[in-house]
Structures are given as structure tokens and as C-alpha cells.
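Visitor: I am sharing run.cif, which consists of mmCIF, C-alpha atoms and all ligand atoms:
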```cif
data_protein
#
loop_
_atom_site.label_atom_id
_atom_site.label_comp_id
_atom_site.auth_asym_id
_atom_site.auth_seq_id
_atom_site.Cartn_x
_atom_site.Cartn_y
_atom_site.Cartn_z
CA MET A 173 -0.97 -11.15 28.84
CA LEU A 174 -0.96 -7.35 28.85
CA VAL A 175 0.88 -5.63 25.98
CA ARG A 176 1.81 -1.96 25.76
CA GLU A 177 1.94 -0.32 22.33
CA GLY A 178 1.98 3.43 21.78
CA LYS A 179 -0.49 4.97 24.27
CA ALA A 180 -2.55 1.76 24.47
CA GLU A 181 -2.41 -1.22 26.75
CA VAL A 182 -4.25 -4.32 25.55
CA PHE A 183 -4.83 -7.85 26.79
CA VAL A 184 -3.87 -10.51 24.27
CA GLU A 185 -4.88 -14.16 24.49
CA ASN A 186 -4.84 -17.39 22.52
CA GLY A 187 -7.49 -17.52 19.82
CA VAL A 188 -7.51 -13.78 19.17
CA PHE A 189 -5.04 -12.48 16.63
CA TYR A 190 -2.23 -10.16 17.72
CA ASN A 191 1.04 -9.79 15.82
CA PRO A 192 3.77 -7.78 17.59
CA ARG A 193 5.66 -7.60 14.24
CA MET A 194 2.96 -5.24 12.96
CA LYS A 195 3.77 -2.65 15.64
CA PHE A 196 5.83 -0.62 13.15
CA CYS A 197 2.88 -0.55 10.75
CA ARG A 198 0.55 0.61 13.52
CA ASP A 199 3.12 3.25 14.62
CA ALA A 200 3.28 4.54 11.04
CA ASP A 201 -0.52 4.46 10.81
CA MET A 202 -0.86 6.73 13.84
CA VAL A 203 1.13 9.39 11.98
CA VAL A 204 -0.98 8.90 8.83
CA PHE A 205 -4.22 9.03 10.84
CA SER A 206 -3.09 12.23 12.59
CA CYS A 207 -2.81 13.88 9.16
CA MET A 208 -6.36 12.96 8.08
CA ASP A 209 -9.24 15.42 8.42
CA SER A 210 -11.86 12.80 9.26
CA HIS A 211 -12.10 11.10 12.64
CA GLU A 212 -14.95 8.59 12.24
CA TYR A 213 -13.30 5.21 11.66
CA LEU A 214 -14.38 1.59 11.26
CA ASP A 215 -11.85 -0.98 12.47
CA ALA A 216 -13.62 -3.60 10.34
CA LEU A 217 -11.42 -6.58 11.27
CA ALA A 218 -10.41 -5.48 14.75
CA ALA A 219 -9.23 -8.64 16.65
CA THR A 220 -7.86 -7.27 20.00
CA GLY A 221 -8.78 -3.75 18.83
CA ILE A 222 -5.20 -2.56 19.13
CA ARG A 223 -5.20 -0.46 15.95
CA GLY A 224 -8.51 1.28 16.60
CA ILE A 225 -7.73 1.79 20.29
CA ARG A 226 -4.42 3.43 19.39
CA ALA A 227 -6.26 5.54 16.77
CA CYS A 228 -8.62 6.82 19.50
CA LEU A 229 -5.82 7.54 21.96
CA GLU A 230 -3.17 8.84 19.56
CA ALA A 231 -5.09 10.43 16.67
CA ASP A 232 -8.27 11.47 18.45
CA PHE A 233 -10.41 9.09 16.34
CA ARG A 234 -13.95 7.99 17.16
CA ALA A 235 -13.73 4.31 16.29
CA ILE A 236 -16.36 1.64 15.67
CA PHE A 237 -14.99 -1.89 16.18
CA ASN A 238 -16.07 -5.03 14.38
CA ASP A 239 -14.97 -8.65 14.38
CA ARG A 240 -17.03 -11.78 13.70
CA ASN A 241 -15.04 -13.86 16.20
CA PRO A 242 -16.97 -13.87 19.55
CA ASN A 243 -13.72 -14.26 21.53
CA ALA A 244 -12.29 -11.19 19.81
CA VAL A 245 -15.43 -9.18 20.62
CA ARG A 246 -15.27 -10.19 24.30
CA LEU A 247 -11.58 -9.27 24.49
CA LEU A 248 -12.20 -6.06 22.56
CA ARG A 249 -14.79 -4.90 25.09
CA LYS A 250 -12.35 -5.65 27.91
CA ASN A 251 -9.57 -3.74 26.11
CA LEU A 252 -11.79 -0.73 25.47
CA GLU A 253 -12.74 -0.58 29.14
CA HIS A 254 -9.11 -1.00 30.20
CA ASN A 255 -8.19 2.01 28.05
CA GLY A 256 -11.10 4.11 29.30
CA LEU A 257 -12.90 4.16 25.93
CA GLU A 258 -16.60 3.86 25.17
CA CYS A 259 -17.12 2.79 21.57
CA GLU A 260 -19.61 0.87 19.44
CA VAL A 261 -18.61 -2.81 19.14
CA LEU A 262 -20.15 -5.10 16.51
CA ARG A 263 -19.92 -8.82 15.81
CA ARG A 264 -20.80 -8.88 12.13
CA ASP A 265 -19.48 -10.22 8.90
CA ALA A 266 -17.47 -7.20 7.79
CA ALA A 267 -18.61 -7.42 4.16
CA ALA A 268 -22.31 -7.54 5.16
CA LEU A 269 -21.82 -4.64 7.58
CA MET A 270 -20.14 -2.47 4.96
CA ARG A 271 -22.94 -3.25 2.49
CA GLU A 272 -25.50 -1.89 4.97
CA ARG A 273 -23.80 1.23 6.32
CA GLY A 274 -21.63 4.03 5.03
CA PHE A 275 -18.42 4.87 6.92
CA GLU A 276 -16.12 7.88 6.58
CA HIS A 277 -12.93 5.84 6.99
CA ILE A 278 -12.62 2.05 6.82
CA ASP A 279 -9.62 -0.03 7.84
CA LEU A 280 -9.19 -3.53 6.40
CA ASP A 281 -6.52 -5.54 8.18
CA PRO A 282 -7.35 -9.15 7.24
CA PHE A 283 -5.65 -12.51 7.54
CA GLY A 284 -3.83 -12.63 4.18
CA SER A 285 -5.81 -11.11 1.33
CA PRO A 286 -8.16 -8.12 1.57
CA ALA A 287 -9.65 -9.08 -1.82
CA GLU A 288 -12.98 -10.41 -0.47
CA PHE A 289 -13.68 -7.09 1.32
CA ILE A 290 -12.65 -4.58 -1.33
CA ASP A 291 -15.96 -4.38 -3.20
CA SER A 292 -18.11 -3.85 -0.08
CA ALA A 293 -15.56 -1.41 1.39
CA CYS A 294 -15.63 0.63 -1.84
CA SER A 295 -19.45 0.71 -1.79
CA SER A 296 -19.48 1.87 1.86
CA VAL A 297 -16.54 4.23 2.18
CA LYS A 298 -17.09 7.97 2.06
CA ARG A 299 -13.55 9.29 2.25
CA TYR A 300 -10.61 7.19 3.44
CA LEU A 301 -9.74 3.52 3.05
CA SER A 302 -6.72 1.88 4.70
CA VAL A 303 -5.79 -1.62 3.54
CA THR A 304 -3.21 -4.20 4.62
CA ALA A 305 -2.37 -7.20 2.46
CA THR A 306 -0.11 -10.05 3.54
CA ASP A 307 -0.70 -12.24 0.48
CA THR A 308 2.34 -10.66 -1.14
CA ALA A 309 3.02 -13.66 -3.43
CA ALA A 310 -0.37 -13.22 -5.12
CA LEU A 311 0.20 -9.48 -5.50
CA CYS A 312 3.81 -9.30 -6.61
CA GLY A 313 3.81 -11.87 -9.41
CA SER A 314 5.28 -14.91 -7.69
CA ALA A 315 1.86 -16.64 -7.52
CA THR A 316 0.41 -15.53 -10.86
CA VAL A 317 -2.82 -17.55 -10.77
CA SER A 318 -3.60 -16.43 -7.19
CA GLY A 319 -3.05 -12.84 -8.38
CA LEU A 320 -5.57 -13.38 -11.17
CA ARG A 321 -8.10 -14.97 -8.81
CA LYS A 322 -7.82 -12.36 -6.08
CA TYR A 323 -6.98 -9.17 -7.95
CA SER A 324 -7.96 -9.87 -11.60
CA SER A 325 -4.51 -8.72 -12.61
CA TYR A 326 -1.73 -10.59 -14.40
CA ALA A 327 1.77 -10.28 -12.91
CA GLU A 328 5.02 -12.23 -13.17
CA LYS A 329 8.11 -12.08 -10.98
CA THR A 330 10.28 -9.03 -11.70
CA GLU A 331 13.17 -7.30 -9.93
CA PHE A 332 10.78 -4.52 -8.80
CA TYR A 333 8.21 -6.95 -7.39
CA PRO A 334 7.18 -5.05 -4.19
CA GLU A 335 6.23 -2.01 -6.27
CA LEU A 336 4.39 -4.22 -8.75
CA GLY A 337 2.46 -5.68 -5.80
CA LEU A 338 1.51 -2.23 -4.51
CA ARG A 339 0.35 -1.28 -8.01
CA VAL A 340 -1.76 -4.44 -8.38
CA LEU A 341 -3.42 -3.73 -5.02
CA ALA A 342 -3.98 -0.03 -5.73
CA GLY A 343 -5.29 -0.91 -9.19
CA LYS A 344 -7.82 -3.35 -7.77
CA ILE A 345 -9.15 -0.79 -5.27
CA ALA A 346 -9.29 1.96 -7.90
CA ARG A 347 -11.25 -0.25 -10.35
CA GLU A 348 -13.70 -1.55 -7.73
CA ALA A 349 -14.44 2.02 -6.62
CA THR A 350 -15.26 3.44 -10.06
CA LYS A 351 -18.50 1.48 -10.29
CA TYR A 352 -19.68 3.40 -7.21
CA ASP A 353 -18.66 6.68 -8.95
CA LYS A 354 -15.69 7.07 -6.60
CA ALA A 355 -12.32 8.32 -7.80
CA MET A 356 -9.34 7.00 -5.85
CA GLU A 357 -6.13 8.81 -5.03
CA VAL A 358 -3.27 7.25 -3.06
CA LEU A 359 -2.24 9.21 0.04
CA ILE A 360 0.64 6.99 1.12
CA SER A 361 1.72 3.38 0.65
CA TRP A 362 4.62 1.12 1.52
CA ALA A 363 5.82 -2.46 1.16
CA ARG A 364 7.74 -3.96 4.07
CA GLU A 365 8.68 -7.39 5.35
CA HIS A 366 5.67 -9.63 4.75
CA TYR A 367 3.00 -7.02 4.04
CA TYR A 368 1.79 -4.07 1.95
CA ARG A 369 -0.05 -1.11 3.43
CA ILE A 370 -1.96 1.51 1.48
CA HIS A 371 -4.05 4.52 2.55
CA VAL A 372 -6.28 5.98 -0.14
CA PHE A 373 -8.75 8.82 -0.49
CA PHE A 374 -11.97 8.98 -2.55
CA ARG A 375 -13.89 11.73 -4.27
CA ARG A 376 -17.42 10.99 -5.40
CA SER A 377 -17.90 12.08 -9.01
CA PRO A 378 -18.77 10.02 -12.11
CA ARG A 379 -16.56 12.29 -14.23
CA ARG A 380 -13.54 11.91 -11.95
CA ALA A 381 -14.18 8.17 -11.61
CA GLY A 382 -14.00 7.87 -15.41
CA LYS A 383 -10.72 9.79 -15.45
CA VAL A 384 -9.19 7.27 -13.02
CA TYR A 385 -8.72 4.98 -16.05
CA GLU A 386 -6.06 7.40 -17.31
CA LYS A 387 -4.01 6.25 -14.31
CA LEU A 388 -4.70 2.56 -14.78
CA GLY A 389 -2.99 0.50 -17.44
CA TYR A 390 -0.53 -2.15 -18.47
CA LEU A 391 3.20 -2.62 -18.13
CA PHE A 392 5.19 -3.98 -21.08
CA TYR A 393 8.35 -5.50 -19.67
CA CYS A 394 11.35 -6.92 -21.49
CA THR A 395 12.92 -9.79 -19.56
CA LYS A 396 16.06 -9.56 -21.75
CA CYS A 397 17.15 -5.90 -21.61
CA LEU A 398 14.88 -4.89 -18.67
CA ARG A 399 13.18 -2.07 -20.61
CA ARG A 400 9.75 -1.03 -19.34
CA GLU A 401 6.99 0.79 -21.17
CA TRP A 402 3.45 1.37 -19.95
CA ARG A 403 0.17 2.39 -21.52
CA PRO A 404 -3.16 3.50 -20.06
CA MET A 405 -6.31 1.42 -20.54
CA ASP A 406 -7.07 2.90 -23.96
CA GLY A 407 -6.65 -0.22 -26.04
CA SER A 408 -3.03 0.43 -27.00
CA VAL A 409 -0.50 -2.40 -26.84
CA VAL A 410 3.26 -2.56 -27.46
CA GLU A 411 4.22 -6.02 -28.62
CA LYS A 412 7.97 -5.91 -29.09
CA CYS A 413 10.84 -4.30 -27.25
CA VAL A 414 13.38 -2.24 -29.25
CA CYS A 415 15.86 -5.07 -28.58
CA GLY A 416 13.63 -7.46 -30.55
CA ASN A 417 12.41 -9.50 -27.57
CA LYS A 418 8.66 -10.00 -27.10
CA TYR A 419 7.31 -7.92 -24.20
CA THR A 420 5.58 -9.53 -21.21
CA MET A 421 2.33 -7.62 -20.61
CA MET A 422 1.20 -7.21 -16.97
CA GLY A 423 -1.85 -5.62 -15.44
CA PRO A 424 -4.19 -3.91 -15.06
CA LEU A 425 -2.03 -1.88 -12.67
CA TRP A 426 -2.25 1.48 -10.94
CA LEU A 427 0.20 3.69 -12.86
CA GLY A 428 -0.57 6.87 -10.93
CA GLU A 429 1.17 8.32 -7.87
CA LEU A 430 1.92 5.95 -4.99
CA HIS A 431 1.74 8.90 -2.60
CA ASN A 432 0.35 12.40 -2.44
CA GLU A 433 3.21 14.91 -2.07
CA GLU A 434 1.34 17.35 0.16
CA PHE A 435 0.01 14.61 2.43
CA VAL A 436 3.40 12.94 2.81
CA SER A 437 5.25 16.17 3.59
CA LYS A 438 2.68 16.75 6.36
CA ALA A 439 3.26 13.15 7.53
CA VAL A 440 7.04 13.68 7.67
CA GLU A 441 6.52 16.73 9.93
CA LYS A 442 4.09 14.78 12.09
CA ALA A 443 6.48 11.82 12.33
CA VAL A 444 9.23 14.12 13.61
CA GLU A 445 6.79 15.36 16.25
CA ILE A 446 5.17 12.12 17.44
CA SER A 447 6.93 9.03 16.11
CA SER A 448 10.16 7.04 15.90
CA ASP A 449 13.21 7.64 13.68
CA GLU A 450 12.27 4.50 11.76
CA VAL A 451 8.84 5.85 10.82
CA ARG A 452 10.31 9.26 10.00
CA ASN A 453 12.96 7.62 7.78
CA LEU A 454 10.36 5.63 5.84
CA PHE A 455 8.18 8.70 5.28
CA THR A 456 11.19 10.82 4.28
CA ARG A 457 12.22 8.17 1.74
CA ILE A 458 8.66 8.20 0.36
CA ALA A 459 8.63 12.01 0.20
CA GLU A 460 11.88 12.03 -1.77
CA GLU A 461 10.82 9.35 -4.26
CA ILE A 462 10.12 10.62 -7.79
CA ASP A 463 6.81 9.77 -9.41
CA VAL A 464 7.98 7.34 -12.12
CA PRO A 465 6.69 3.78 -12.07
CA PHE A 466 8.94 0.73 -11.61
CA TYR A 467 12.32 1.08 -9.95
CA TYR A 468 15.59 -0.58 -11.05
CA GLU A 469 17.73 -2.87 -8.89
CA LEU A 470 21.35 -1.75 -9.05
CA HIS A 471 22.93 -5.20 -8.62
CA ILE A 472 20.86 -6.64 -11.48
CA LEU A 473 21.86 -3.82 -13.83
CA ALA A 474 25.50 -4.15 -12.73
CA LYS A 475 25.37 -7.87 -13.53
CA LEU A 476 23.95 -7.05 -16.97
CA ALA A 477 26.83 -4.59 -17.48
CA GLY A 478 29.32 -7.24 -16.27
CA LYS A 479 30.75 -5.15 -13.44
CA SER A 480 30.42 -4.82 -9.69
CA PRO A 481 27.75 -2.36 -8.50
CA PRO A 482 28.99 1.23 -7.92
CA PRO A 483 27.60 3.11 -4.88
CA LEU A 484 23.88 3.79 -5.35
CA GLN A 485 24.31 7.51 -4.65
CA ASN A 486 26.86 7.80 -7.51
CA VAL A 487 24.33 6.31 -9.94
CA ILE A 488 21.63 8.71 -8.78
CA GLU A 489 24.01 11.70 -9.02
CA GLY A 490 25.24 10.51 -12.43
CA LEU A 491 21.66 10.40 -13.74
CA LYS A 492 20.86 13.84 -12.32
CA ASP A 493 24.07 15.32 -13.82
CA ARG A 494 22.86 14.14 -17.23
CA GLY A 495 19.54 15.94 -16.69
CA PHE A 496 17.39 12.97 -15.68
CA LYS A 497 15.18 12.70 -12.64
CA ALA A 498 16.42 10.10 -10.16
CA SER A 499 15.82 9.06 -6.56
CA ARG A 500 15.92 6.12 -4.21
CA THR A 501 12.77 4.02 -3.72
CA ARG A 502 10.72 3.15 -0.63
CA CYS A 503 10.61 -0.47 -1.81
CA SER A 504 14.28 -1.46 -1.78
CA GLY A 505 17.53 -0.28 -0.19
CA THR A 506 19.44 -1.13 -3.39
CA GLY A 507 16.95 0.22 -5.91
CA PHE A 508 16.53 3.55 -7.67
CA LYS A 509 13.96 5.30 -9.84
CA THR A 510 14.61 7.39 -12.90
CA ASP A 511 12.95 8.75 -16.02
CA ALA A 512 16.03 7.77 -18.07
CA ASP A 513 15.60 4.79 -20.38
CA ILE A 514 17.63 1.62 -20.11
CA GLU A 515 20.31 2.68 -22.69
CA ASP A 516 21.02 5.93 -20.81
CA ILE A 517 21.13 4.12 -17.47
CA MET A 518 23.55 1.48 -18.82
CA SER A 519 25.83 4.07 -20.43
CA ILE A 520 26.04 6.00 -17.14
CA LEU A 521 26.61 2.79 -15.21
CA GLU A 522 29.44 1.71 -17.51
CA LYS A 523 31.32 4.97 -16.84
CA LEU A 524 31.08 4.70 -13.04
N1 LIG B 1 -6.39 -5.37 13.07
C1 LIG B 1 -5.82 -6.35 13.98
C2 LIG B 1 -4.52 -5.85 14.57
O1 LIG B 1 -4.02 -4.76 14.21
O2 LIG B 1 -3.97 -6.55 15.42
C3 LIG B 1 -5.65 -7.69 13.37
C4 LIG B 1 -6.79 -8.24 12.61
S1 LIG B 1 -6.66 -9.96 12.22
C5 LIG B 1 -5.37 -10.03 11.06
C6 LIG B 1 -8.08 -10.27 11.28
C7 LIG B 1 -9.38 -10.34 12.07
O3 LIG B 1 -10.44 -10.37 11.14
C8 LIG B 1 -9.54 -11.59 12.93
O4 LIG B 1 -9.74 -11.21 14.26
C9 LIG B 1 -10.78 -12.31 12.37
O5 LIG B 1 -11.62 -12.86 13.38
C10 LIG B 1 -11.50 -11.18 11.66
N2 LIG B 1 -12.32 -11.60 10.52
C11 LIG B 1 -11.97 -12.44 9.51
N3 LIG B 1 -12.97 -12.49 8.59
C12 LIG B 1 -13.96 -11.66 9.03
C13 LIG B 1 -15.22 -11.27 8.48
N4 LIG B 1 -15.65 -11.75 7.33
N5 LIG B 1 -15.94 -10.38 9.17
C14 LIG B 1 -15.52 -9.88 10.36
N6 LIG B 1 -14.33 -10.23 10.93
C15 LIG B 1 -13.55 -11.10 10.26
#
```
For this file, produce the structure as C-alpha cells.

Guide:
Amino acid sequence: MLVREGKAEVFVENGVFYNPRMKFCRDADMVVFSCMDSHEYLDALAATGIRGIRACLEADFRAIFNDRNPNAVRLLRKNLEHNGLECEVLRRDAAALMRERGFEHIDLDPFGSPAEFIDSACSSVKRYLSVTATDTAALCGSATVSGLRKYSSYAEKTEFYPELGLRVLAGKIAREATKYDKAMEVLISWAREHYYRIHVFFRRSPRRAGKVYEKLGYLFYCTKCLRREWRPMDGSVVEKCVCGNKYTMMGPLWLGELHNEEFVSKAVEKAVEISSDEVRNLFTRIAEEIDVPFYYELHILAKLAGKSPPPLQNVIEGLKDRGFKASRTRCSGTGFKTDADIEDIMSILEKL
């Protein structure tokens, strides 16, 4: 079967992975890729090659394709020829390949968890790393032991679980990279449907890599009054919430920015130029999101206050009128972020 996606046309067949539901992610990636200043790219887990082929045709990338499945490699070669591309194609174990060679930009788009590839990718990567994860239960706290096994991070289910998942994933990449003297920064990230996607950037410097730990830390979460506090990895712990309840401690987590403002504003402009309204809307929402960890879910707070939820925009305006920062979140249509603490939020909510 021949499938058209973006500027590419690829053959798909049984036994080689292709998921049409990931088209939106690939559309969004093309915008992200067009904003990067490096064009050498390893599609490490390429399958049909759709992502790398689109990257060549839509973002002017020079891609190297790899997949250990011989059927995928055969189909990949056919797809490259069909799209008029001449690229290096490898049939290697991705982890072994990345151990041997350095790549400017690596894309990890695995079945389920990227965990087994993160160490080798961090050792190999020179500048950009793009990662998909579909093992959202392990990341977001609904499968706590899997999260420990895969990401060495403790998480439980919370109302802001997609953001927690993104922060577990970002935290894992950031920690793995520091041993190679690489300091991570997130360019853009999102959580949607059944997957998380994150694009990060590295600078090589032992000093900067050490400073990354100022952006890694633990969340202290009160399951009773929903208060959140967080601390960097400096040995400090908060045991009890002001309400008297014992905090649940989660992490290590990435507590730094989930996007780079300059990069995302460029991506919004690019999305207007080359992509769909849906991609533009996601990137605009990301651009408008304030940099405060852990969003609130309006309906859960309204339930706690014993009232029906007021319009989200009124809550955001109410917080801003009182001098707090507030915005919507990329992770939920009914969530908001603010630097106000739980008492201030509840007192505003009660008056609305
Ligand atoms: N990137 C593709 C896309 O956008 O359609 C989908 C990739 S698919 C989810 C994952 C691919 O990784 C499969 O084709 C599988 O054969 C390959 N794979 C799994 N483990 C691998 C490994 N250790 N080394 C190389 N390829 C691997």
C-alpha cells in the first residue's frame, strides 16, 4: 500500500511498523526540524523511513537510516528510491551503532520505551536528540515499578500526570547525559494521546553539565490539599505539608523549562508558514505557557471547593488580576499553571 504524508510517499506493508496516528507528531516534527541549525540526522529506529524521508524532503535534512529488521531495511531502500533520495541505510542494533559513531542529531522513535537507547544516544549525540515514548504508564506514575525500572524515578498518579511523565523522561535524559559532560536543555516537548515527544539540545561542558543538577530535583506533593513544593538535588527534603499531611516525594524529575522560549516562538512562525492549524495551535499553547512546574486541573480544585467549575479563562484572569502569573497548559484543555499557592488559588476560585 502506498501512503502519502507531507511531501513523502511511502510503501507500507505487514511486518514493518507504520502508525498513521503518529502523522500529527511527524507534522509537528517537520516544523521543529525546520527551526534547527543542524541537518545531519540519524533516524535510529526508522521502520518504513517515513520520518527521516519527510525530514529530507521538508526540512532539507541529510538523513542516515537504521533499523535492525531486515524487512524494514528492504522497504526503506525502496521508499528512498521512490522519493528520489540517496541516503546511507544501516541494519544495526541502534544502541551498538550509537556507541560506535557520533551523530549531530539522533531520533529515537521506539516501540514503547526509549529507556534502553538513552545511554548510548547520550554518548553519541553532538547537538540534538528527539525522543518519543509510548510507555506513558511507566512515565506518568500509573505504573510506579515500571517507572523505577525504566527511568530510575519514583512517580505516583497525580492530576497533572502528563506533565509529570514529561518531567520523568526529560530528567532521565538530562541525568544520562551529564556523565558524558553534556548539559541538556529542552527545546520543545508535548504530551498527546498515547505518547510523549521531546526535542532537546546539548552543550558539551563539564561545568554546565554539573549545573544541570540545579534543574533536577524532587516534587513534594500533598494528596490532601494538593499543595506542591519542589527542591533541587541538594539533599534538602520537605517532609510535611502545611496542612499537616505527610508529603509524597517523587523524582528525580526535570524541574527546568519544558520549552525554550526563543525556539518555540520561531516554531510558531514556521508552523504558520508550513503546517496545519492543529500544529500551530499546539505550538502557540506551548509558547504561552508560563514556566512553573505542575499544572492544576480546574475540575479537581472545584470539587475540593464544593462548587461547579467556573470558566477556565475567568480563573486565569482572576489570578492575573491578583498579581500572579497564570496560563493554560499544553498538557490538558482543563488545566492551568500559576505561581500562586493553593490557598490563593482556592480563595480566588471561591469568589468566582
Ligand atoms: N520511526 C518510525 C515511524 O515514524 O513510523 C517508527 C519506528 S517503530 C516504532 C520502531 C522500529 O525500531 C521498528 O522498525 C523496529 O524494527 C526497530 N528496532 C527495535 N529495536 C531496535 C534496535 N535495537 N536496533 C535497531 N532497530 C530497532

Visitor: Which one of A:Asp239, A:Glu461, A:Asp516, A:Glu450 sits closest to His431 in chain A if you count all atoms listed in the file?

Guide: A:Glu461

Visitor: Determine, counting only C-alpha atoms, every residue of protein, DNA or RNA that lies within 12 Å of (-2.9, 17.2, 3.6) in the file coordinates, then give the result as JSON, numbers by chain.

Guide: {"A": [204, 205, 206, 207, 208, 209, 210, 358, 359, 360, 373, 431, 432, 433, 434, 435, 436, 437, 438, 439, 440, 441, 442]}

Visitor: Please report the interatomic distance between CA of Leu229 in chain A and CA of Lys179 in chain A in Å with one decimal.

Guide: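 Distance between the two atoms: 6.4 Å.
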
Visitor: Would you give me, as a tab-separated table, each residue of chain A having an atom within 9 Å of an atom of ligand LIG 1 (chain B), along with its shortest atom pair and that distance in Å to one decimal, using all atoms listed in the file and sorting by chain and residue number?

Guide:
```
residue	atom	partner	partner_atom	distance
A:Gly187	CA	B:LIG1	O4	8.7
A:Val188	CA	B:LIG1	O4	6.0
A:Phe189	CA	B:LIG1	S1	5.3
A:Tyr190	CA	B:LIG1	O2	4.6
A:Asn191	CA	B:LIG1	O2	6.0
A:Pro192	CA	B:LIG1	O2	8.1
A:Met194	CA	B:LIG1	O1	7.1
A:Lys195	CA	B:LIG1	O1	8.2
A:Cys197	CA	B:LIG1	O1	8.8
A:Arg198	CA	B:LIG1	O1	7.1
A:Asp215	CA	B:LIG1	N1	7.0
A:Ala216	CA	B:LIG1	C14	6.6
A:Leu217	CA	B:LIG1	O3	3.9
A:Ala218	CA	B:LIG1	N1	4.4
A:Ala219	CA	B:LIG1	O4	3.5
A:Thr220	CA	B:LIG1	O2	6.1
A:Gly221	CA	B:LIG1	C1	6.2
A:Ile222	CA	B:LIG1	O1	5.5
A:Arg223	CA	B:LIG1	O1	4.8
A:Gly224	CA	B:LIG1	N1	7.8
A:Asn238	CA	B:LIG1	C14	6.3
A:Asp239	CA	B:LIG1	N6	3.8
A:Arg240	CA	B:LIG1	C14	4.1
A:Asn241	CA	B:LIG1	O5	4.5
A:Pro242	CA	B:LIG1	O5	8.2
A:Asn243	CA	B:LIG1	O5	8.5
A:Ala244	CA	B:LIG1	O4	6.1
A:Val245	CA	B:LIG1	O4	8.8
A:Arg263	CA	B:LIG1	C14	7.1
A:Arg264	CA	B:LIG1	C14	5.7
A:Asp265	CA	B:LIG1	N5	3.6
A:Ala266	CA	B:LIG1	N5	3.8
A:Ala267	CA	B:LIG1	N4	6.1
A:Ala268	CA	B:LIG1	N5	8.0
A:Leu269	CA	B:LIG1	N5	8.4
A:Asp279	CA	B:LIG1	N1	8.1
A:Leu280	CA	B:LIG1	N1	7.5
A:Asp281	CA	B:LIG1	N1	4.9
A:Pro282	CA	B:LIG1	C6	4.3
A:Phe283	CA	B:LIG1	C5	4.3
A:Gly284	CA	B:LIG1	C5	7.5
A:Glu288	CA	B:LIG1	N4	8.4
A:Phe289	CA	B:LIG1	N4	7.9
A:Thr304	CA	B:LIG1	C5	9.0
```

Visitor: Taking all atoms listed in the file into account, which of A:Lys351, A:Gly505, A:Leu425, A:Tyr367 comes nearest Ser324 in chain A?

Guide: A:Leu425

Visitor: What's around range 451-458 of chain A at 6 Å? Count only C-alpha atoms, leave out sequence neighbours fewer than 5 positions away in its own chain, and write the answer as a list in words.

Guide: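 Residues near the query, excluding close chain neighbours: Ala200, Val440, Ala443 and Arg502 of chain A.
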
Visitor: Quick one: distance from CA of Val261 in chain A to CA of Phe374 in chain A in Å, one decimal?

Guide: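 Taking CA of Val261 in chain A as the start and CA of Phe374 in chain A as the end point, the length is 25.6 Å.
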
Visitor: Which residue, A:Ile488, A:Ile472, A:Ala235, A:Leu398, has the smallest gap to Glu515 in chain A when you use all atoms listed in the file?

Guide: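 Under the stated criterion, the closest residue is A:Leu398.
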
Visitor: Could you please determine the separation between CA of Ser296 in chain A and CA of Ile278 in chain A in Å, to one decimal place?

Guide: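 Distance reported for this atom pair: 8.5 Å.
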
Visitor: Counting all atoms listed in the file, which of A:His371, A:Trp426, A:Glu185, A:Gly407 gets nearest to Leu341 in chain A?

Guide: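 For Leu341 in chain A, the nearest of the candidates is A:Trp426.
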